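Novice: Take this structure, written in structure tokens, and hold onto it; I'll ask about it next.
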Amino acid sequence: MIQSMTGFGKATLQLPTKKITVEVKSLNSKGLDLNVRMPSVYREMELGLRNEIALKLERGKIDFSVFIEMTGEQTSTKVNVPIVKAYIAQMREVINNADETELMKMAVRMPDALKTERDEIDENDWAEIQKVITEGLVNIHNFRIDEGKSLEKEFQLRIANIRQFMDETLALDSERIANVKERLQTAIDELKVNVDENRFEQELIYYLEKLDITEEKVRLTNHLDYFLETIEGTEANGRKLGFITQEMGREINTMGSKANHAKMQKLVVLMKDELEKIKEQVLNVL
């Protein structure tokens, strides 16, 4: 079954002092274009995370984000007590009988009065975050599968339409051959020359063989069947489907060049239109 490269996945986790949210967005791309956003404290885990995302999502323009929202009273910013005491002592020497509260207010505004301690990765927290990441990746994977089902229905409809137009084209073949024979005979009659009937028949057969589309019909039918077979496979196959559509296009174009019949050429145009719609959607297949 095919998967779409377009998808979205989200997962959240509430810890005692923080809320973790993971979001994954994906659009179509020729390869893997991965953008990861996460708090700096977890940056050392980014390489392993990138490898995990690449393994599970394979292709696409992917935006992966980890958001941390502090919900408790815990803070990494603390008063630098020795520095603040030193400032207060110095200001007492300058300002006699100064109010202690005012000195404190001034001291905490001075450089280095506050210090921000760098958080270290809590292994237990990261284990919980990893569960949320896994859940988010599962969610986007399921989203891609659902989108793939819609694509599969679209492909089946377009393939059926091409097959129908091809059958209608073949139904006009006898009419086309009769028209060709009539035009050739009319042209010879207008020349007012005697023509060897056997030689005329031989030349006519040769000419009609050049216009015969039976082989194109057989090859196009095989390509249509192979396309349907491929979308039901289990492996990622967007590129493979692209190659098959190229082969389908060659056969349809050859039919058009051989048609030499207005109604058949209109049907060929309709086949090309359906094929272009398939090509547009194939770009979204993983």
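Chain labels A, B, ... are given in the sequence in which chains occur in the structure tokens; within each chain residues are numbered consecutively from 1, and ligands are likewise numbered from 1 in the order shown.
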Residues at most 12 Å from Leu55 (chain A), counting only C-alpha atoms, excluding those fewer than 4 positions away in the same chain, as a PyMOL selection string?

Specialist: chain A and resi 32+34+48-51+59+137+141

Novice: Write out as a list in words the residues lying within 9 Å of Asp63 (chain A), counting only C-alpha atoms and excluding same-chain residues fewer than 2 positions away.

Specialist: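 Skipping anything fewer than 2 positions along the chain leaves Glu23, Val24, Lys25, Ser26, Leu27, Asp33, Leu34, Asn35, Val36, Arg37, Lys61 and Ser65 of chain A.
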
Novice: Within 12 Å of Trp126 (chain A), counting only C-alpha atoms, which residues show up once you throw out same-chain ones fewer than 2 positions away? Write them as an NGL selection string, please.

Specialist: :A and (13 or 15 or 20 or 41-45 or 49 or 66 or 68 or 120-124 or 128-133)

Novice: With distances taken over only C-alpha atoms, which residue among A:Met248, A:Leu228, A:Met5, A:Ala86 lies nearest Gln156 (chain A)?

Specialist: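 Answer, going by the shortest atom-to-atom distance: A:Leu228.
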
Novice: Residues within 9 Å of Ile159 (chain A), please, as a VMD selection string. Count only C-alpha atoms; anything in the same chain fewer than 3 positions from it doesn't count.

Specialist: chain A and resid 154 to 156 162 to 164 224 to 225 227 to 228 274 to 275 278

Novice: Let me make sure I understand: among A:Leu267, A:Met1, A:Val84, A:Leu47, which one has the smallest atom-to-atom distance to Met110 (chain A) if we use only C-alpha atoms?

Specialist: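 Checking each of A:Leu267, A:Met1, A:Val84, A:Leu47 against Met110 (chain A), counting only C-alpha atoms, the winner is A:Val84.
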
Novice: In Å, with one decimal, what is the gap from CA of Glu229 (chain A) to CA of Gly7 (chain A)?

Specialist: 24.1 Å
